[in-house]
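Next comes run.cif, with mmCIF, C-alpha atoms.
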```cif
data_model
loop_
_atom_site.group_PDB
_atom_site.id
_atom_site.type_symbol
_atom_site.label_atom_id
_atom_site.label_comp_id
_atom_site.auth_asym_id
_atom_site.auth_seq_id
_atom_site.Cartn_x
_atom_site.Cartn_y
_atom_site.Cartn_z
ATOM 1 C CA MET A 1342 129.645 73.603 52.515
ATOM 2 C CA LYS A 1343 129.515 77.416 52.399
ATOM 3 C CA ALA A 1344 126.243 77.386 54.321
ATOM 4 C CA VAL A 1345 127.832 75.413 57.178
ATOM 5 C CA PHE A 1346 130.761 77.848 57.238
ATOM 6 C CA TYR A 1347 128.424 80.857 57.433
ATOM 7 C CA ILE A 1348 126.332 79.218 60.141
ATOM 8 C CA LEU A 1349 129.465 78.496 62.193
ATOM 9 C CA LEU A 1350 130.723 82.038 61.580
ATOM 10 C CA LEU A 1351 127.405 83.558 62.695
ATOM 11 C CA GLY A 1352 127.392 81.284 65.746
ATOM 12 C CA ALA A 1353 130.906 82.386 66.679
ATOM 13 C CA ILE A 1354 129.983 86.050 66.217
ATOM 14 C CA GLY A 1355 126.872 85.504 68.353
ATOM 15 C CA VAL A 1356 128.932 83.949 71.140
ATOM 16 C CA LEU A 1357 131.401 86.843 71.004
ATOM 17 C CA VAL A 1358 128.590 89.412 71.156
ATOM 18 C CA LEU A 1359 127.061 87.654 74.176
ATOM 19 C CA GLN A 1360 130.463 87.570 75.920
ATOM 20 C CA LEU A 1361 130.978 91.248 75.185
ATOM 21 C CA ALA A 1362 127.541 92.125 76.564
ATOM 22 C CA ARG A 1363 128.186 90.085 79.722
ATOM 23 C CA GLN A 1364 131.535 91.768 80.304
ATOM 24 C CA TYR A 1365 130.022 95.202 79.688
ATOM 25 C CA ARG A 1366 127.358 94.499 82.327
ATOM 26 C CA GLU A 1367 129.965 93.230 84.809
ATOM 27 C CA GLU A 1368 132.099 96.324 84.201
ATOM 28 C CA GLY A 1369 129.107 98.531 85.037
ATOM 29 C CA GLU A 1370 128.530 96.629 88.266
ATOM 30 C CA LEU A 1371 132.213 96.938 89.197
ATOM 31 C CA ARG A 1372 132.158 100.673 88.499
ATOM 32 C CA LYS A 1373 129.184 101.018 90.865
ATOM 33 C CA GLN A 1374 131.053 99.062 93.550
ATOM 34 C CA VAL A 1375 134.152 101.233 93.127
ATOM 35 C CA GLU A 1376 132.059 104.409 93.433
ATOM 36 C CA THR A 1377 130.342 103.058 96.553
ATOM 37 C CA MET A 1378 133.706 102.226 98.128
ATOM 38 C CA ARG A 1379 135.090 105.639 97.191
ATOM 39 C CA MET A 1380 132.110 107.341 98.817
ATOM 40 C CA LYS A 1381 132.597 105.254 101.980
ATOM 41 C CA THR A 1382 136.327 105.943 102.211
ATOM 42 C CA GLU A 1383 136.215 109.664 101.376
ATOM 43 C CA PRO A 1384 135.093 110.827 104.859
ATOM 44 C CA ILE A 1385 137.627 108.504 106.474
ATOM 45 C CA THR A 1386 140.386 109.883 104.237
ATOM 46 C CA LYS A 1387 139.449 113.463 105.134
ATOM 47 C CA GLU A 1388 139.395 112.623 108.842
ATOM 48 C CA ASN A 1389 142.784 110.950 108.485
ATOM 49 C CA GLU A 1390 144.204 114.061 106.801
ATOM 50 C CA ARG A 1391 142.823 116.233 109.604
ATOM 51 C CA ILE A 1392 144.347 113.993 112.259
ATOM 52 C CA GLN A 1393 147.679 113.952 110.403
ATOM 53 C CA GLY A 1394 147.626 117.756 110.442
ATOM 54 C CA ASP A 1395 146.905 117.727 114.158
ATOM 55 C CA ILE A 1396 149.782 115.335 114.750
ATOM 56 C CA GLU A 1397 152.179 117.468 112.725
ATOM 57 C CA GLY A 1398 151.025 120.568 114.618
ATOM 58 C CA LEU A 1399 151.645 118.856 117.936
ATOM 59 C CA GLY A 1400 155.306 118.389 117.067
ATOM 60 C CA ASP A 1401 155.829 121.977 118.248
ATOM 61 C CA THR A 1402 156.094 122.309 122.054
ATOM 62 C CA GLU A 1403 154.183 125.588 122.057
ATOM 63 C CA ALA A 1404 151.335 123.991 120.116
ATOM 64 C CA VAL A 1405 151.204 121.089 122.568
ATOM 65 C CA LEU A 1406 151.020 123.493 125.518
ATOM 66 C CA ARG A 1407 148.257 125.533 123.828
ATOM 67 C CA GLU A 1408 146.229 122.391 123.159
ATOM 68 C CA LEU A 1409 146.637 121.174 126.741
ATOM 69 C CA ARG A 1410 145.551 124.565 128.110
ATOM 70 C CA ARG A 1411 142.580 124.573 125.736
ATOM 71 C CA GLN A 1412 141.535 121.255 127.253
ATOM 72 C CA GLY A 1413 141.777 122.657 130.785
ATOM 73 C CA TYR A 1414 145.202 121.461 131.905
ATOM 74 C CA ALA A 1415 147.584 123.713 133.850
ATOM 75 C CA ALA A 1416 151.290 123.756 134.507
ATOM 76 C CA PRO A 1417 152.463 122.644 137.962
ATOM 77 C CA GLY A 1418 151.853 125.425 140.495
ATOM 78 C CA GLU A 1419 149.319 127.293 138.338
ATOM 79 C CA LYS A 1420 145.795 127.918 139.565
ATOM 80 C CA VAL A 1421 142.940 127.201 137.204
ATOM 81 C CA PHE A 1422 139.699 129.131 137.423
ATOM 82 C CA VAL A 1423 136.609 127.655 135.842
ATOM 83 C CA ILE A 1424 133.811 130.063 135.007
ATOM 84 C CA ILE A 1425 130.430 128.397 134.943
ATOM 85 C CA PRO A 1426 127.799 130.458 133.139
ATOM 86 C CA LYS A 1427 124.383 131.022 134.746
ATOM 87 C CA GLN A 1428 121.573 129.017 133.286
#
```
Give the structure from this file in structure tokens form.
Amino acid sequence: MKAVFYILLLGAIGVLVLQLARQYREEGELRKQVETMRMKTEPITKENERIQGDIEGLGDTEAVLRELRRQGYAAPGEKVFVIIPKQ
């Protein structure tokens, strides 16, 4: 009777060890997936932060005017001169 008990106990321990090993392997795979996703989203997050900063900076009228002038726009009535360098 004791032998049957020990065999069942060893079988149960074996099953638990196999389950633990399977879960450990799955956890490693999930960690790799999380790291891959983090690496993919990091540049997007940085770009988003940069754009948010640009948006906040454009809340100021002076900043909006500077940005428009930087892009070549002029106020009504102003003359714009474009200097084209020699090649």
- Query: Could you work out how far atom CA of A:Leu1406 lies from atom CA of A:Ile1424, giving the answer in Å with one decimal?
  - Reply: 20.7 Å
- Item | Interatomic distance (Å, one decimal) between atom CA of A:Arg1366 and atom CA of A:Lys1381 |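 If I compute the distance from atom CA of A:Arg1366 to atom CA of A:Lys1381, I get 23.0 Å.
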- Query: In Å to one decimal, how far is atom CA of A:Tyr1365 from atom CA of A:Arg1379?
  - Reply: 21.0 Å
5 Å per side around stretch 1387-1403 of chain A: axis-aligned box centre and edge lengths, as lines of an AutoDock Vina configuration file:
```
center_x = 147.7
center_y = 118.3
center_z = 113.6
size_x = 26.7
size_y = 24.6
size_z = 26.9
```
